[in-house]
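**Q** Below is the structure I would like to discuss, written out as structure tokens.
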Amino acid sequence: MDILWALLIAGIANGAVYAMAALTYNIMFSTSKVLSMTVGQLVMIGGVLGAFFIGTCNMPIWLGTLAVLAGGGAAGFITEWVGVRRVITKIEQHLYVLSTLALAIMIQEPVGLLWGTEPRPFPDIYGSGWMGLRDPKYYAPLLLAVLMIIGIELFYRRTMYGKAFLAVSQDTFAARARGIPVSRVRVLSYVFAGIIGAAAGFAAGKLTFAYFAVGHNFTMYGFIALALGGLGSNVGALLGGLILGIALEAANYFFGGIYMDGVALAILISVLLIVPKGFFGVEGARRV
Amino acid sequence: MNKGGGRKFFWGLIAVIAALALPWWAPNTYWLHVATLLTIYWVINSGLNLVVGFTGVLSVGHVGLFATGAYTAAVLVEKAGMSPWLALIFAGLAGGAVAVFLSLPSLRLQLFYFAMATLAFSTVVNRLTYGLSWLTGGGIGIPGPSFPGFFGTDIGFYFLVLILAGFFSYLCWNISRHHPGRALIAIRDSQEAAEALGISVFHLKVIVFTFSGILGGIAGALYASLQTYITPEAFTFYLSFYFFVAILLGGRGNNIGPFLGTVILGILPEVSGPLAKLSQFFYGVLLLFVILFLPRGISSVFESWREKREVDIRMSPPKVQAIGEQIRAQGEPNRGNAANPGMNLETPASSAPQSAGALKAVNLVKAFGNLVAVDQASLEVHPGTIHGLIGPNGSGKTTILNLVLGYYRADSGGIHLNGQDLTGWPTRNRVIAGLSRTFQTPKVLGELTVIENVMLGFGQREGRGFFPSSLPLPSIRHAEKRMRQESLKLLEAFGMAHMAYHRADTLQHSEERFLEIARALAQRPKFILMDEPAGGLSASEIEILGRILDQIRRAGIGILLVEHHADFVFQVSNLVTALDFGKVIAQGRPAEVQSDEKVKSAYLGT
């Protein structure tokens, strides 16, 4: 029984991180219709910067957190500026896959060189001395993910700027015709996404360690969570992330860790083929 | 086509001699090792190039297939004591089998999703090679097979790899210059055009992916032999990224560029220490640079230089009579009565006595959400006649055309051709049954030459399959030659023979329109569905178009003409159907429809 609890709790903890990665996808997608390969790298940056600012530079936790979020925002800005802005105006729609993939490597590699290619410990931001499953590191990601979703929904519904985001996501041309600064909204959404991705990586730092190579996993798992939940749905992203997290832990327990990615791939392909809109999708999978 | 052929041959010969003599001019065995490694990389990349560069399918996980081959060979030799030669073959089969298994579901997905699936696939393979340590040796690794005798030596193995690479390059080159190569580019640049040309898009994608899997598997096995010892660390995503960048850097739709890309990108980290450390970052920068500034790759720089000279050459007036003669010369036995040039349809279409061979749309309904685009529309097109379809903007003309060809599925109603029910058929089968089309915005394949576009049309009937086309068979050569000659004749009739070897994206709009008609004729259709063929043409060009349509009709082909220019439609059509809000409001001979009150009010908005 205990082991099942452990499995569930670990699944929810990891799943919440996947959910936040999926949120990152969603926010970028909403204003640009781009699925960015840099999502996982933003999460990775959150973990590595957290360990660097708080662990290496000995910053106080509040300051370190702010610095991490600023770093994530900057990375989001760079994604938009380098990898997206010039590409989405071109006729060929798939170029963003390549430009963001290139950018993902360009973010990951310098981190590997400067920070090292081994996982390094993440500071005890939740205090020390926690035992076993009581450790807040298992619950912080879920709490943060829920807060994020509430925050995003409030932002979209209650603020003028949030409404501008929604307008751009529904119809860019109409939004531009109404005088909404579409480019600025897009840049902001990427900064915003960068902050969310980095916050996810920061909250999950105790689970993943500060490791330069975790990005690919989060790019992948975040996307699978998104596919499960349905592109464009934030609540779907959360549920998709949790389902995926628990499914992977179950696969780990029943089949062994080496089959986890296989299960993830099977989930991805079968969901995309059988339920292309995901379980909570508001926006259907586009035809190429 | 033969421009610079001699020079190409000369440089090719130099390259082959340099490659063969490499063991004697390489400074040391290390460079022999590097040369062998890069040649192995080219084995996988020559196949991947057909997938990425020709078909535009973004597989970022080919390292998974490479690893599959490497471990298959190593395990079979090490654990089962198999001969390394046999293991090499099995590695290719394993790569191909895994590629089929991966691509059958995932190639149905759209582009980004497919890229993500292949990325996940490479992770899966990597995880398995770590985890299944009883088989693969896990993180410790497993010895790679070594070949007996001469091929076990450094030099011998280099020659083995070189021979195989040469052989596979030859296969890929054959594929790319014959019908399948053109079909792959059609899939990449316009899936709609590919379907209209009768290309089996999904099958061809699976086949080319499988072929690349076989090459990937063989390359992996060779890699295992070269490294003498393999661990999962060698097969990370980085390697895939290198494969991928080399191809995109070299430029799509050719073999030389990606080959040079593979060699140059592979050598750079070897000659410069700092670059080795930063190589992935550097590849990333290169990829970004190519995408932002040279989306067609480095080779496009040379091409655009060539294009500049072609830009000023325009088509000459089509020889309208010759077009009709060409169609008749090609002969299509199933076509309607061609000896009936001045056919007058005295009776309305619905009760037409000569309904044999007709294309019929019966009670078509198509709704997009709440908008009913086509509402109970019926019409018939008879062989050797022109059926005009007119209506205001948004009245459902193009939707009907798309329903007839199967681009959309009708909510209800049916499509029949010569008594055969086509209703549930995919587009490709309808095309093969004898329908072809032109598009509202011409979908000419710009990166192919003018003649290659027409050859794609002939390829529907005469093009040979993927695997046969890779071999030097006389039948392939003859089919290719015949298609080329027929295309030239057709282009001659259209006044475009002198620009046959120009890239089609140097054409002007009107030339694209005529080229599309030529391509559709090359398919030897029973019916051509034309979507606004007069759009953007000048008055004199429209006049020529009218005479061409008349020739096509007289040769026995039926035309469904969707057109905005009502005058043009009334002038050339035998029958006219008028649509408004998806409903047929009038049908009959041009004069009748023209004077119909409902038609007048629909057009004048009264």
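Following the order of the structure tokens, chains are lettered A, B, ..., residues in each are numbered from 1, and ligands are numbered from 1.
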Considering only C-alpha atoms, tabulate each residue of chain A that lies at most 10 Å from chain B along with its nearest interatomic pair and the corresponding distance in Å to one decimal; arrange the rows by chain and ascending residue number and present them as a tab-separated table.

**A**
```
residue	atom	partner	partner_atom	distance
A:Val34	CA	B:Phe112	CA	9.6
A:Leu35	CA	B:Phe112	CA	7.7
A:Ser36	CA	B:Phe112	CA	9.5
A:Met37	CA	B:Met116	CA	9.0
A:Val82	CA	B:Leu288	CA	8.6
A:Gly83	CA	B:Leu288	CA	7.8
A:Arg86	CA	B:Leu292	CA	7.0
A:Val87	CA	B:Leu292	CA	7.0
A:Lys90	CA	B:Leu292	CA	9.5
A:Glu92	CA	B:Asp189	CA	9.2
A:Gln93	CA	B:Leu111	CA	9.5
A:His94	CA	B:Leu111	CA	7.0
A:Leu95	CA	B:Ile291	CA	7.0
A:Tyr96	CA	B:Ile291	CA	8.9
A:Val97	CA	B:Phe112	CA	6.5
A:Leu98	CA	B:Ile291	CA	7.4
A:Ser99	CA	B:Leu288	CA	5.5
A:Thr100	CA	B:Leu288	CA	8.4
A:Leu101	CA	B:Gly284	CA	7.9
A:Ala102	CA	B:Gly284	CA	4.4
A:Leu103	CA	B:Gly284	CA	6.6
A:Ala104	CA	B:Gly284	CA	8.2
A:Ile105	CA	B:Gly284	CA	5.9
A:Met106	CA	B:Phe281	CA	5.1
A:Ile107	CA	B:Phe281	CA	8.2
A:Gln108	CA	B:Phe281	CA	8.3
A:Glu109	CA	B:Phe281	CA	5.7
A:Pro110	CA	B:Phe281	CA	7.4
A:Leu113	CA	B:Lys277	CA	8.3
A:His216	CA	B:Leu119	CA	8.7
A:Asn217	CA	B:Ala120	CA	8.7
A:Thr219	CA	B:Met116	CA	8.8
A:Met220	CA	B:Ala120	CA	6.7
A:Tyr221	CA	B:Ala120	CA	9.1
A:Phe223	CA	B:Met116	CA	8.2
A:Ile224	CA	B:Met116	CA	9.1
A:Ala227	CA	B:Tyr113	CA	9.3
A:Gly256	CA	B:Gly131	CA	8.8
A:Gly257	CA	B:Gly131	CA	7.9
A:Ile258	CA	B:Gly131	CA	5.2
A:Tyr259	CA	B:Leu128	CA	7.1
A:Met260	CA	B:Val124	CA	8.1
A:Asp261	CA	B:Val124	CA	5.1
A:Gly262	CA	B:Val124	CA	5.4
A:Val263	CA	B:Val124	CA	8.9
A:Ala264	CA	B:Ala120	CA	8.0
A:Leu265	CA	B:Ala120	CA	6.0
A:Ala266	CA	B:Ala117	CA	9.2
A:Leu268	CA	B:Ala117	CA	7.4
A:Ile269	CA	B:Ser106	CA	6.4
A:Ser270	CA	B:Pro105	CA	8.2
A:Leu272	CA	B:Leu109	CA	7.3
A:Leu273	CA	B:Leu109	CA	7.3
A:Pro276	CA	B:Leu109	CA	9.2
A:Ala285	CA	B:Gln110	CA	8.3
A:Arg286	CA	B:Gln110	CA	7.8
A:Arg287	CA	B:Gln110	CA	6.6
A:Val288	CA	B:Gln110	CA	5.7
```

**Q** Would you return as a PyMOL selection string the members of range 156-275 of chain A that DSSP assigns to alpha helix (DSSP H) on this structure's backbone?

**A** chain A and resi 156-158+160-170+172-177+182-203+205-208+215-229+234-254+260-274

**Q** How many Å lie between CA of Phe173 in chain A and CA of Leu188 in chain A, rounded to one decimal?

**A** 17.9 Å

**Q** When you look at Gly166 in chain B with a cut-off of 12 Å (counting only C-alpha atoms), what residues show up, excluding the ones that are within fewer than 2 positions of it in the same chain? I need them as a tab-separated table (two decimals) with all heavy atoms, in the first residue's frame.

**A**
```tsv
chain	number	residue	atom	x	y	z
B	12	GLY	N	32.98	14.79	-60.30
B	12	GLY	CA	32.58	13.53	-59.69
B	12	GLY	C	33.70	12.51	-59.79
B	12	GLY	O	34.02	11.81	-58.81
B	15	ALA	N	36.40	13.25	-57.39
B	15	ALA	CA	36.02	12.90	-56.02
B	15	ALA	C	36.13	11.40	-55.81
B	15	ALA	O	36.63	10.94	-54.78
B	15	ALA	CB	34.59	13.37	-55.75
B	16	VAL	N	35.69	10.62	-56.80
B	16	VAL	CA	35.76	9.16	-56.67
B	16	VAL	C	37.21	8.70	-56.57
B	16	VAL	O	37.56	7.88	-55.71
B	16	VAL	CB	35.05	8.49	-57.87
B	16	VAL	CG1	35.33	7.00	-57.90
B	16	VAL	CG2	33.56	8.73	-57.79
B	19	ALA	N	38.62	9.56	-53.24
B	19	ALA	CA	38.08	8.69	-52.19
B	19	ALA	C	38.75	7.32	-52.24
B	19	ALA	O	39.14	6.76	-51.21
B	19	ALA	CB	36.57	8.56	-52.33
B	20	LEU	N	38.93	6.79	-53.47
B	20	LEU	CA	39.54	5.47	-53.60
B	20	LEU	C	41.00	5.48	-53.16
B	20	LEU	O	41.50	4.52	-52.59
B	20	LEU	CB	39.45	4.99	-55.06
B	20	LEU	CG	38.07	4.53	-55.50
B	20	LEU	CD1	38.06	4.24	-57.00
B	20	LEU	CD2	37.65	3.29	-54.73
B	39	THR	N	31.95	8.45	-44.12
B	39	THR	CA	31.30	7.68	-45.18
B	39	THR	C	30.12	6.89	-44.62
B	39	THR	O	29.07	6.78	-45.25
B	39	THR	CB	32.31	6.73	-45.84
B	39	THR	OG1	33.52	7.46	-46.08
B	39	THR	CG2	31.79	6.20	-47.15
B	40	ILE	N	30.29	6.37	-43.41
B	40	ILE	CA	29.18	5.66	-42.75
B	40	ILE	C	28.03	6.64	-42.50
B	40	ILE	O	26.87	6.33	-42.74
B	40	ILE	CB	29.65	5.01	-41.44
B	40	ILE	CG1	30.57	3.84	-41.73
B	40	ILE	CG2	28.46	4.55	-40.62
B	40	ILE	CD1	31.23	3.26	-40.50
B	42	TRP	N	27.32	9.13	-44.18
B	42	TRP	CA	26.65	9.41	-45.44
B	42	TRP	C	25.70	8.29	-45.83
B	42	TRP	O	24.67	8.52	-46.46
B	42	TRP	CB	27.65	9.70	-46.56
B	42	TRP	CG	26.94	9.82	-47.88
B	42	TRP	CD1	27.10	9.03	-48.97
B	42	TRP	CD2	25.93	10.78	-48.23
B	42	TRP	NE1	26.26	9.43	-49.97
B	42	TRP	CE2	25.53	10.50	-49.55
B	42	TRP	CE3	25.33	11.84	-47.56
B	42	TRP	CZ2	24.55	11.24	-50.21
B	42	TRP	CZ3	24.34	12.56	-48.22
B	42	TRP	CH2	23.97	12.27	-49.52
B	43	VAL	N	26.02	7.06	-45.43
B	43	VAL	CA	25.10	5.95	-45.74
B	43	VAL	C	23.73	6.24	-45.12
B	43	VAL	O	22.70	6.14	-45.78
B	43	VAL	CB	25.65	4.60	-45.23
B	43	VAL	CG1	24.59	3.51	-45.38
B	43	VAL	CG2	26.89	4.22	-46.01
B	46	SER	N	22.21	9.57	-46.76
B	46	SER	CA	21.71	9.50	-48.13
B	46	SER	C	20.24	9.09	-48.11
B	46	SER	O	19.44	9.58	-48.90
B	46	SER	CB	22.54	8.53	-48.97
B	46	SER	OG	22.46	7.23	-48.42
B	158	TYR	N	37.53	0.33	-44.81
B	158	TYR	CA	37.24	1.59	-45.48
B	158	TYR	C	36.67	1.32	-46.87
B	158	TYR	O	35.67	1.93	-47.27
B	158	TYR	CB	38.50	2.46	-45.57
B	158	TYR	CG	38.34	3.67	-46.45
B	158	TYR	CD1	37.56	4.76	-46.03
B	158	TYR	CD2	38.95	3.74	-47.70
B	158	TYR	CE1	37.40	5.87	-46.83
B	158	TYR	CE2	38.79	4.85	-48.50
B	158	TYR	CZ	38.01	5.91	-48.08
B	158	TYR	OH	37.86	7.00	-48.87
B	159	PHE	N	37.29	0.39	-47.58
B	159	PHE	CA	36.79	0.10	-48.93
B	159	PHE	C	35.41	-0.52	-48.89
B	159	PHE	O	34.56	-0.22	-49.73
B	159	PHE	CB	37.78	-0.80	-49.70
B	159	PHE	CG	38.91	-0.01	-50.27
B	159	PHE	CD1	40.21	-0.23	-49.85
B	159	PHE	CD2	38.67	0.98	-51.20
B	159	PHE	CE1	41.26	0.51	-50.38
B	159	PHE	CE2	39.70	1.73	-51.73
B	159	PHE	CZ	41.01	1.50	-51.31
B	160	LEU	N	35.19	-1.38	-47.92
B	160	LEU	CA	33.86	-1.97	-47.79
B	160	LEU	C	32.81	-0.87	-47.62
B	160	LEU	O	31.78	-0.84	-48.31
B	160	LEU	CB	33.82	-2.93	-46.58
B	160	LEU	CG	32.43	-3.45	-46.21
B	160	LEU	CD1	31.88	-4.34	-47.33
B	160	LEU	CD2	32.47	-4.21	-44.89
B	161	VAL	N	33.10	0.04	-46.69
B	161	VAL	CA	32.16	1.13	-46.42
B	161	VAL	C	31.98	1.99	-47.66
B	161	VAL	O	30.86	2.39	-48.02
B	161	VAL	CB	32.66	1.97	-45.23
B	161	VAL	CG1	31.84	3.24	-45.08
B	161	VAL	CG2	32.61	1.16	-43.94
B	162	LEU	N	33.10	2.24	-48.34
B	162	LEU	CA	33.05	3.09	-49.53
B	162	LEU	C	32.20	2.44	-50.63
B	162	LEU	O	31.38	3.11	-51.27
B	162	LEU	CB	34.48	3.31	-50.04
B	162	LEU	CG	34.69	4.51	-50.93
B	162	LEU	CD1	34.38	5.79	-50.19
B	162	LEU	CD2	36.13	4.54	-51.43
B	163	ILE	N	32.37	1.14	-50.80
B	163	ILE	CA	31.60	0.45	-51.84
B	163	ILE	C	30.10	0.52	-51.50
B	163	ILE	O	29.27	0.85	-52.35
B	163	ILE	CB	32.04	-1.02	-51.96
B	163	ILE	CG1	33.44	-1.08	-52.57
B	163	ILE	CG2	31.07	-1.84	-52.80
B	163	ILE	CD1	34.12	-2.42	-52.38
B	164	LEU	N	29.79	0.23	-50.24
B	164	LEU	CA	28.39	0.27	-49.85
B	164	LEU	C	27.82	1.68	-50.00
B	164	LEU	O	26.72	1.88	-50.52
B	164	LEU	CB	28.22	-0.20	-48.40
B	164	LEU	CG	28.40	-1.72	-48.20
B	164	LEU	CD1	28.34	-2.07	-46.72
B	164	LEU	CD2	27.32	-2.47	-48.96
B	168	PHE	N	24.68	2.70	-52.31
B	168	PHE	CA	23.45	3.31	-51.80
B	168	PHE	C	23.24	4.71	-52.38
B	168	PHE	O	22.11	5.11	-52.65
B	168	PHE	CB	23.45	3.36	-50.27
B	168	PHE	CG	23.36	2.01	-49.64
B	168	PHE	CD1	24.21	1.63	-48.62
B	168	PHE	CD2	22.41	1.10	-50.09
B	168	PHE	CE1	24.12	0.37	-48.05
B	168	PHE	CE2	22.32	-0.16	-49.52
B	168	PHE	CZ	23.18	-0.53	-48.50
B	169	SER	N	24.35	5.44	-52.55
B	169	SER	CA	24.22	6.76	-53.18
B	169	SER	C	23.63	6.61	-54.57
B	169	SER	O	22.79	7.41	-54.99
B	169	SER	CB	25.57	7.46	-53.30
B	169	SER	OG	26.18	7.56	-52.06
B	170	TYR	N	24.09	5.55	-55.26
B	170	TYR	CA	23.60	5.30	-56.60
B	170	TYR	C	22.10	5.02	-56.59
B	170	TYR	O	21.34	5.56	-57.39
B	170	TYR	CB	24.38	4.13	-57.21
B	170	TYR	CG	23.94	3.73	-58.58
B	170	TYR	CD1	24.19	4.56	-59.67
B	170	TYR	CD2	23.28	2.53	-58.80
B	170	TYR	CE1	23.78	4.21	-60.94
B	170	TYR	CE2	22.87	2.16	-60.06
B	170	TYR	CZ	23.12	3.00	-61.13
B	170	TYR	OH	22.70	2.65	-62.39
B	171	LEU	N	21.66	4.20	-55.63
B	171	LEU	CA	20.24	3.91	-55.52
B	171	LEU	C	19.45	5.20	-55.26
B	171	LEU	O	18.44	5.47	-55.90
B	171	LEU	CB	19.96	2.92	-54.38
B	171	LEU	CG	20.55	1.52	-54.48
B	171	LEU	CD1	20.01	0.65	-53.34
B	171	LEU	CD2	20.21	0.88	-55.81
B	172	CYS	N	19.95	6.00	-54.30
B	172	CYS	CA	19.24	7.23	-53.95
B	172	CYS	C	19.21	8.19	-55.12
B	172	CYS	O	18.20	8.85	-55.37
B	172	CYS	CB	19.90	7.91	-52.75
B	172	CYS	SG	19.69	6.97	-51.24
B	173	TRP	N	20.31	8.24	-55.84
B	173	TRP	CA	20.38	9.14	-56.98
B	173	TRP	C	19.37	8.71	-58.03
B	173	TRP	O	18.65	9.53	-58.61
B	173	TRP	CB	21.81	9.12	-57.54
B	173	TRP	CG	22.00	10.00	-58.73
B	173	TRP	CD1	21.88	11.35	-58.77
B	173	TRP	CD2	22.34	9.57	-60.05
B	173	TRP	NE1	22.13	11.80	-60.04
B	173	TRP	CE2	22.42	10.73	-60.84
B	173	TRP	CE3	22.60	8.33	-60.63
B	173	TRP	CZ2	22.75	10.68	-62.19
B	173	TRP	CZ3	22.93	8.28	-61.97
B	173	TRP	CH2	22.99	9.45	-62.74
B	259	PHE	N	25.44	15.70	-49.14
B	259	PHE	CA	26.69	14.94	-49.03
B	259	PHE	C	27.81	15.85	-48.53
B	259	PHE	O	28.52	15.53	-47.57
B	259	PHE	CB	27.05	14.33	-50.38
B	259	PHE	CG	28.42	13.72	-50.41
B	259	PHE	CD1	28.67	12.53	-49.74
B	259	PHE	CD2	29.46	14.35	-51.08
B	259	PHE	CE1	29.94	11.98	-49.74
B	259	PHE	CE2	30.74	13.80	-51.09
B	259	PHE	CZ	30.97	12.61	-50.41
```

**Q** With a distance cut-off of 7 Å and only C-alpha atoms, select the neighbouring residues of Phe165 in chain A, excluding the residue or stretch itself and same-chain residues fewer than 3 positions from it, and output the selection as a CSV table (one decimal) with N, CA and C atoms, in the first residue's frame.

**A**
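Output contents, as saved in result02.csv:
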```csv
chain,number,residue,atom,x,y,z
A,31,THR,N,-0.7,32.9,-28.8
A,31,THR,CA,-0.5,34.2,-29.5
A,31,THR,C,0.2,34.0,-30.9
A,161,TYR,N,-5.4,43.6,-20.6
A,161,TYR,CA,-4.3,43.0,-21.4
A,161,TYR,C,-4.6,41.5,-21.7
A,162,GLY,N,-5.1,40.9,-20.7
A,162,GLY,CA,-5.5,39.5,-20.8
A,162,GLY,C,-6.5,39.3,-22.0
A,168,VAL,N,-5.9,38.1,-29.7
A,168,VAL,CA,-4.8,37.7,-30.6
A,168,VAL,C,-4.9,36.2,-30.8
A,169,SER,N,-5.2,35.5,-29.8
A,169,SER,CA,-5.1,34.0,-30.0
A,169,SER,C,-6.3,33.6,-30.8
A,185,VAL,N,2.0,41.9,-27.8
A,185,VAL,CA,1.3,40.9,-27.1
A,185,VAL,C,2.1,39.5,-27.2
```

**Q** Which residues are near Arg464 in chain B? Cut-off 8 Å, only C-alpha atoms, ignore same chain within fewer than 6 positions. Put them as a ChimeraX atom specification.

**A** /B:179-180,476,479

**Q** Mind dumping the selected residues with all heavy atoms as a PDB file, in the first residue's frame?

**A**
```
ATOM      1  N   HIS B 179      10.708   9.163 -61.488  1.00  0.00           N
ATOM      2  CA  HIS B 179       9.377   9.582 -61.042  1.00  0.00           C
ATOM      3  C   HIS B 179       9.219   9.656 -59.522  1.00  0.00           C
ATOM      4  O   HIS B 179       8.685  10.642 -59.015  1.00  0.00           O
ATOM      5  CB  HIS B 179       8.311   8.671 -61.651  1.00  0.00           C
ATOM      6  CG  HIS B 179       6.933   8.996 -61.224  1.00  0.00           C
ATOM      7  ND1 HIS B 179       6.298  10.168 -61.606  1.00  0.00           N
ATOM      8  CD2 HIS B 179       6.079   8.362 -60.399  1.00  0.00           C
ATOM      9  CE1 HIS B 179       5.107  10.209 -61.049  1.00  0.00           C
ATOM     10  NE2 HIS B 179       4.949   9.129 -60.309  1.00  0.00           N
ATOM     11  N   PRO B 180       9.688   8.654 -58.756  1.00  0.00           N
ATOM     12  CA  PRO B 180       9.478   8.750 -57.301  1.00  0.00           C
ATOM     13  C   PRO B 180      10.114   9.994 -56.690  1.00  0.00           C
ATOM     14  O   PRO B 180       9.537  10.596 -55.782  1.00  0.00           O
ATOM     15  CB  PRO B 180      10.134   7.474 -56.759  1.00  0.00           C
ATOM     16  CG  PRO B 180      10.155   6.540 -57.895  1.00  0.00           C
ATOM     17  CD  PRO B 180      10.324   7.374 -59.123  1.00  0.00           C
ATOM     18  N   ILE B 476      12.867   1.122 -66.758  1.00  0.00           N
ATOM     19  CA  ILE B 476      12.813   2.429 -66.106  1.00  0.00           C
ATOM     20  C   ILE B 476      13.348   3.490 -67.058  1.00  0.00           C
ATOM     21  O   ILE B 476      12.757   4.561 -67.225  1.00  0.00           O
ATOM     22  CB  ILE B 476      13.682   2.436 -64.826  1.00  0.00           C
ATOM     23  CG1 ILE B 476      13.210   1.376 -63.852  1.00  0.00           C
ATOM     24  CG2 ILE B 476      13.695   3.816 -64.182  1.00  0.00           C
ATOM     25  CD1 ILE B 476      11.896   1.649 -63.228  1.00  0.00           C
ATOM     26  N   ALA B 479      10.844   4.131 -69.838  1.00  0.00           N
ATOM     27  CA  ALA B 479       9.670   4.879 -69.372  1.00  0.00           C
ATOM     28  C   ALA B 479      10.040   6.346 -69.177  1.00  0.00           C
ATOM     29  O   ALA B 479       9.297   7.251 -69.575  1.00  0.00           O
ATOM     30  CB  ALA B 479       9.152   4.288 -68.063  1.00  0.00           C
TER      31      ALA B 479
END
```

**Q** Quick one: everything within 8 Å of Gly240 in chain A, counting only C-alpha atoms, minus sequence neighbours fewer than 3 positions away in the same chain. Send it as a PyMOL selection string.

**A** chain A and resi 19+224-229+236-237+243-244

**Q** Generate a file of the selected residues that holds C-alpha atoms, formatted as an mmCIF file, in the first residue's frame.

**A**
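The resulting file, result19.cif, is shown below:
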```cif
data_model
loop_
_atom_site.group_PDB
_atom_site.id
_atom_site.type_symbol
_atom_site.label_atom_id
_atom_site.label_comp_id
_atom_site.auth_asym_id
_atom_site.auth_seq_id
_atom_site.Cartn_x
_atom_site.Cartn_y
_atom_site.Cartn_z
ATOM 1 C CA ALA A 19 1.568 20.215 -16.698
ATOM 2 C CA ILE A 224 2.462 14.676 -24.397
ATOM 3 C CA ALA A 225 0.615 16.242 -21.464
ATOM 4 C CA LEU A 226 -0.617 18.912 -23.838
ATOM 5 C CA ALA A 227 -1.734 16.342 -26.388
ATOM 6 C CA LEU A 228 -3.605 14.442 -23.687
ATOM 7 C CA GLY A 229 -5.301 17.524 -22.330
ATOM 8 C CA GLY A 236 -6.577 20.049 -19.769
ATOM 9 C CA ALA A 237 -2.840 20.646 -19.509
ATOM 10 C CA ILE A 243 -2.391 11.492 -15.994
ATOM 11 C CA LEU A 244 0.951 11.240 -17.756
#
```

**Q** What lies within 10 Å of Val187 in chain A using only C-alpha atoms, ignoring chain neighbours under 5 positions off, as a short mmCIF file (atom, residue, chain, number, x, y, z; two decimals) with N, CA, C and O atoms, in the first residue's frame?

**A**
```
data_model
loop_
_atom_site.label_atom_id
_atom_site.label_comp_id
_atom_site.auth_asym_id
_atom_site.auth_seq_id
_atom_site.Cartn_x
_atom_site.Cartn_y
_atom_site.Cartn_z
N MET A 28 2.61 30.11 -25.34
CA MET A 28 3.29 30.49 -26.59
C MET A 28 2.38 30.25 -27.78
O MET A 28 2.29 31.06 -28.69
N THR A 31 -0.66 32.92 -28.79
CA THR A 31 -0.49 34.16 -29.53
C THR A 31 0.24 33.97 -30.85
O THR A 31 0.25 34.87 -31.67
N SER A 32 0.91 32.83 -31.04
CA SER A 32 1.73 32.70 -32.24
C SER A 32 1.43 31.46 -33.06
O SER A 32 1.95 31.31 -34.16
N GLY A 76 12.58 33.34 -22.60
CA GLY A 76 11.35 33.37 -23.39
C GLY A 76 11.40 34.46 -24.44
O GLY A 76 11.02 34.26 -25.60
N PHE A 77 11.92 35.62 -24.02
CA PHE A 77 12.05 36.74 -24.96
C PHE A 77 12.94 36.35 -26.13
O PHE A 77 12.61 36.62 -27.29
N ILE A 78 14.05 35.70 -25.82
CA ILE A 78 14.98 35.30 -26.88
C ILE A 78 14.31 34.31 -27.83
O ILE A 78 14.46 34.39 -29.05
N THR A 79 13.53 33.39 -27.27
CA THR A 79 12.82 32.43 -28.13
C THR A 79 11.97 33.17 -29.16
O THR A 79 12.00 32.86 -30.35
N GLU A 80 11.24 34.16 -28.67
CA GLU A 80 10.37 34.91 -29.59
C GLU A 80 11.20 35.67 -30.60
O GLU A 80 10.93 35.65 -31.80
N TRP A 81 12.21 36.33 -30.09
CA TRP A 81 12.96 37.28 -30.91
C TRP A 81 13.78 36.58 -31.98
O TRP A 81 13.83 36.99 -33.13
N VAL A 84 11.12 32.81 -33.43
CA VAL A 84 9.71 32.82 -33.84
C VAL A 84 9.37 34.00 -34.74
O VAL A 84 8.80 33.83 -35.82
N ARG A 85 9.77 35.19 -34.32
CA ARG A 85 9.31 36.40 -35.00
C ARG A 85 9.56 36.37 -36.50
O ARG A 85 8.70 36.66 -37.30
N VAL A 182 -0.27 43.52 -31.80
CA VAL A 182 -0.13 42.07 -31.84
C VAL A 182 1.29 41.62 -31.52
O VAL A 182 1.50 40.68 -30.74
N PHE A 192 6.24 35.75 -20.63
CA PHE A 192 5.35 35.14 -19.68
C PHE A 192 5.56 33.62 -19.63
O PHE A 192 5.72 33.01 -18.57
N ALA A 193 5.61 33.02 -20.80
CA ALA A 193 5.82 31.58 -20.90
C ALA A 193 7.19 31.21 -20.32
O ALA A 193 7.32 30.20 -19.62
#
```

**Q** Can you work out which one of A:Pro181, A:Leu231, A:Pro123, A:Phe254 has the shortest atom-to-atom distance to Cys57 in chain A, counting only C-alpha atoms?

**A** A:Pro123

**Q** As an exercise, work out the distance from CA of His387 in chain B to CA of Ser540 in chain B in Å and give it to one decimal place.

**A**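 For CA of His387 in chain B relative to CA of Ser540 in chain B, the distance reads 22.1 Å.
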
**Q** Any idea what the distance is between CA of Val235 in chain A and CA of Asn26 in chain A?

**A** 10.8 Å
